[in-house]
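In what follows, a structure is listed as structure tokens, so that the remarks can point back to it.
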There are 2 protein chains.
Amino acid sequence: MHGEVLLANDAFYVAFEAGAIAAMVDLWDHSDEVICTHPGMPTVRGWDEVRLSWEQILRHGGDMQFIVTDERVVVYGDVGWVTCTENIIGSEGPRGTVSALNLFARSRDGAWLMVGHHGGGVASLR
Amino acid sequence: MHGEVLLANDAFYVAFEAGAIAAMVDLWDHSDEVICTHPGMPTVRGWDEVRLSWEQILRHGGDMQFIVTDERVVVYGDVGWVTCTENIIGSEGPRGTVSALNLFARSRDGAWLMVGHHGGGVASLR
């Protein structure tokens, strides 16, 4: 289970880094219960709002490279979460560091879908 | 279940606001898997580190009043989480706004224990 959750977490950062909206859409659960908090922002809730937030970030975020470190997985039954550090490098150099908590739930067909993301800037991130 | 998780979340803010270390200790699960991210800080993991972080915050945080708004609960089996907004007022006035995600898991005896907290500053919080 831990490995499957870690793979789902990796897929999230691959989609984020690539700015791939379709991939990002596919890896989220499309329910009213999903939640997402981007650094410095209020929490958005429900798939419609969460999807919109990703469209805005991925379309306007520019080139970003994610070096994800210190991943730790916790699994309780059909729910799992990963805490990790996002070391973000932009096209013009370092952008900062984010402490992330990514939540996943196993769907009926066995896929681990993202149900929550909470990113908070560390130290110098603005 | 939603009501029980909400009560656990309320107990967390009562302990936080009161600076009550013993109450804060009692409401957390004391396992290696707990995680905690305070605003602007790296994630700390495992009960020993998490407990230390709370001791530091509650002893040195000064007077804080929490006005918690916009609580939403999600429950998947024996795991639940609450997203909410912490409107924090200090003894010298507003301190800022934090988007929080609080994770709880039901223990064998039926109690909902805290297993994760992730707070991220919104907008003007430094």
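Chain labels run A, B, ... following the order of the structure tokens; each chain numbers its residues from 1, and ligands are numbered from 1 in the order shown.
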Next item on the list: Residues of chain A near chain B: apply a cut-off of 6 Å, count only C-alpha atoms, and supply the list as an NGL selection string.
Entry: :A and (40-42 or 99 or 120-123)
Write the selection just made, keeping all heavy atoms, as a PDB file, in the first residue's frame?
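Once everything was written out, this is out10.pdb:
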ATOM      1  N   GLY A  40      -0.071  30.209   0.861  1.00  0.00           N
ATOM      2  CA  GLY A  40      -0.522  31.586   1.049  1.00  0.00           C
ATOM      3  C   GLY A  40      -1.973  31.843   0.708  1.00  0.00           C
ATOM      4  O   GLY A  40      -2.436  32.986   0.778  1.00  0.00           O
ATOM      5  N   MET A  41      -2.697  30.784   0.332  1.00  0.00           N
ATOM      6  CA  MET A  41      -4.073  30.955  -0.142  1.00  0.00           C
ATOM      7  C   MET A  41      -5.072  30.297   0.811  1.00  0.00           C
ATOM      8  O   MET A  41      -4.739  29.372   1.534  1.00  0.00           O
ATOM      9  CB  MET A  41      -4.219  30.303  -1.513  1.00  0.00           C
ATOM     10  CG  MET A  41      -3.240  30.787  -2.550  1.00  0.00           C
ATOM     11  SD  MET A  41      -3.629  32.454  -3.104  1.00  0.00           S
ATOM     12  CE  MET A  41      -5.095  32.114  -4.089  1.00  0.00           C
ATOM     13  N   PRO A  42      -6.324  30.767   0.763  1.00  0.00           N
ATOM     14  CA  PRO A  42      -7.373  30.061   1.507  1.00  0.00           C
ATOM     15  C   PRO A  42      -7.614  28.687   0.873  1.00  0.00           C
ATOM     16  O   PRO A  42      -7.307  28.469  -0.294  1.00  0.00           O
ATOM     17  CB  PRO A  42      -8.612  30.952   1.318  1.00  0.00           C
ATOM     18  CG  PRO A  42      -8.131  32.222   0.726  1.00  0.00           C
ATOM     19  CD  PRO A  42      -6.836  31.927   0.042  1.00  0.00           C
ATOM     20  N   SER A  99       6.339  22.913   2.323  1.00  0.00           N
ATOM     21  CA  SER A  99       5.983  21.690   3.059  1.00  0.00           C
ATOM     22  C   SER A  99       4.617  21.244   2.567  1.00  0.00           C
ATOM     23  O   SER A  99       3.651  22.000   2.677  1.00  0.00           O
ATOM     24  CB  SER A  99       5.884  21.965   4.564  1.00  0.00           C
ATOM     25  OG  SER A  99       7.134  22.339   5.091  1.00  0.00           O
ATOM     26  N   GLY A 120       2.335  24.573   2.160  1.00  0.00           N
ATOM     27  CA  GLY A 120       2.628  25.776   2.945  1.00  0.00           C
ATOM     28  C   GLY A 120       4.074  26.185   2.745  1.00  0.00           C
ATOM     29  O   GLY A 120       4.982  25.358   2.829  1.00  0.00           O
ATOM     30  N   GLY A 121       4.286  27.452   2.441  1.00  0.00           N
ATOM     31  CA  GLY A 121       5.642  27.935   2.191  1.00  0.00           C
ATOM     32  C   GLY A 121       6.499  27.852   3.444  1.00  0.00           C
ATOM     33  O   GLY A 121       6.026  28.090   4.548  1.00  0.00           O
ATOM     34  N   VAL A 122       7.769  27.509   3.244  1.00  0.00           N
ATOM     35  CA  VAL A 122       8.713  27.449   4.353  1.00  0.00           C
ATOM     36  C   VAL A 122       9.622  28.668   4.285  1.00  0.00           C
ATOM     37  O   VAL A 122      10.120  29.027   3.221  1.00  0.00           O
ATOM     38  CB  VAL A 122       9.575  26.171   4.275  1.00  0.00           C
ATOM     39  CG1 VAL A 122      10.626  26.169   5.378  1.00  0.00           C
ATOM     40  CG2 VAL A 122       8.694  24.939   4.356  1.00  0.00           C
ATOM     41  N   ALA A 123       9.808  29.305   5.407  1.00  0.00           N
ATOM     42  CA  ALA A 123      10.776  30.382   5.556  1.00  0.00           C
ATOM     43  C   ALA A 123      10.619  31.468   4.513  1.00  0.00           C
ATOM     44  O   ALA A 123       9.692  32.250   4.551  1.00  0.00           O
ATOM     45  CB  ALA A 123      12.184  29.810   5.548  1.00  0.00           C
TER      46      ALA A 123
END
Notebook entry, point to check: How would you write, as a PyMOL selection string, the set of residues in chain B that DSSP gives as strand (DSSP E)?
Noted result: chain B and resi 35-37+44-45+64-76+79-90+93-106+112-122
Next item on the list: Enumerate the residues of stretch 6-70 of chain B with a DSSP assignment of alpha helix (DSSP H), computed from the backbone, and present them as JSON, numbers by chain.
Entry: {"B": [6, 7, 8, 9, 10, 11, 12, 13, 14, 15, 16, 17, 18, 21, 22, 23, 24, 25, 26, 27, 47, 48, 49, 50, 51, 52, 53, 54, 55, 56, 57, 58, 59, 60]}
Next item on the list: May I have the residues within 12 Å of B:Val25 as an NGL selection string, using only C-alpha atoms and disregarding those fewer than 6 positions away in the same chain?
Entry: :B and (11-12 or 15-16 or 19 or 31 or 47-48 or 50-55 or 58 or 113-115)
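Every protein or nucleic acid residue with an atom no more than 6 Å from A:Glu17, counting only C-alpha atoms and leaving out same-chain residues fewer than 4 positions away, appears here: Tyr13, Met64 and Gln65 of chain A.
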Please produce a file of those selected residues containing N, CA and C atoms, as a PDB file, in the first residue's frame.
ATOM      1  N   TYR A  13       3.401  15.020  -8.812  1.00  0.00           N
ATOM      2  CA  TYR A  13       4.476  15.978  -9.095  1.00  0.00           C
ATOM      3  C   TYR A  13       4.910  15.954 -10.558  1.00  0.00           C
ATOM      4  N   MET A  64       8.392  25.298 -13.849  1.00  0.00           N
ATOM      5  CA  MET A  64       8.834  24.979 -12.502  1.00  0.00           C
ATOM      6  C   MET A  64       9.374  23.557 -12.490  1.00  0.00           C
ATOM      7  N   GLN A  65      10.484  23.387 -11.780  1.00  0.00           N
ATOM      8  CA  GLN A  65      11.012  22.048 -11.573  1.00  0.00           C
ATOM      9  C   GLN A  65      10.867  21.715 -10.091  1.00  0.00           C
TER      10      GLN A  65
END
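Rounded to one decimal, atom CA of B:Glu71 and atom CA of B:Leu6 lie 8.1 Å from each other.
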For A:Ile88, please output as a PDB file with N, CA, C and O atoms, in the first residue's frame all residues within 6 Å (counting only C-alpha atoms; exclusion window: fewer than 5 positions along the same chain).
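For reference, selection_7.pdb as written:
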ATOM      1  N   GLN A  65      10.484  23.387 -11.780  1.00  0.00           N
ATOM      2  CA  GLN A  65      11.012  22.048 -11.573  1.00  0.00           C
ATOM      3  C   GLN A  65      10.867  21.715 -10.091  1.00  0.00           C
ATOM      4  O   GLN A  65      11.183  22.551  -9.234  1.00  0.00           O
ATOM      5  N   PHE A  66      10.373  20.519  -9.828  1.00  0.00           N
ATOM      6  CA  PHE A  66      10.177  20.088  -8.445  1.00  0.00           C
ATOM      7  C   PHE A  66      11.224  19.057  -8.070  1.00  0.00           C
ATOM      8  O   PHE A  66      11.322  18.016  -8.708  1.00  0.00           O
ATOM      9  N   ARG A  95      12.755  29.087  -6.442  1.00  0.00           N
ATOM     10  CA  ARG A  95      11.505  29.767  -6.116  1.00  0.00           C
ATOM     11  C   ARG A  95      11.143  29.585  -4.659  1.00  0.00           C
ATOM     12  O   ARG A  95      10.295  30.287  -4.142  1.00  0.00           O
ATOM     13  N   GLY A  96      11.732  28.585  -4.028  1.00  0.00           N
ATOM     14  CA  GLY A  96      11.417  28.412  -2.615  1.00  0.00           C
ATOM     15  C   GLY A  96      11.132  26.983  -2.239  1.00  0.00           C
ATOM     16  O   GLY A  96      11.287  26.060  -3.036  1.00  0.00           O
TER      17      GLY A  96
END
Next item on the list: Extract, using only C-alpha atoms, all DNA, RNA and protein residues at most 9 Å from B:Ala111, discarding same-chain residues fewer than 3 positions from it, and format them as an MDAnalysis selection string.
Entry: chainID B and resid 4 8 105:108
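Proximity of A:Glu49, A:Trp112, A:Pro94, A:Leu103 to A:Gly3, computed with only C-alpha atoms, is greatest for A:Trp112.
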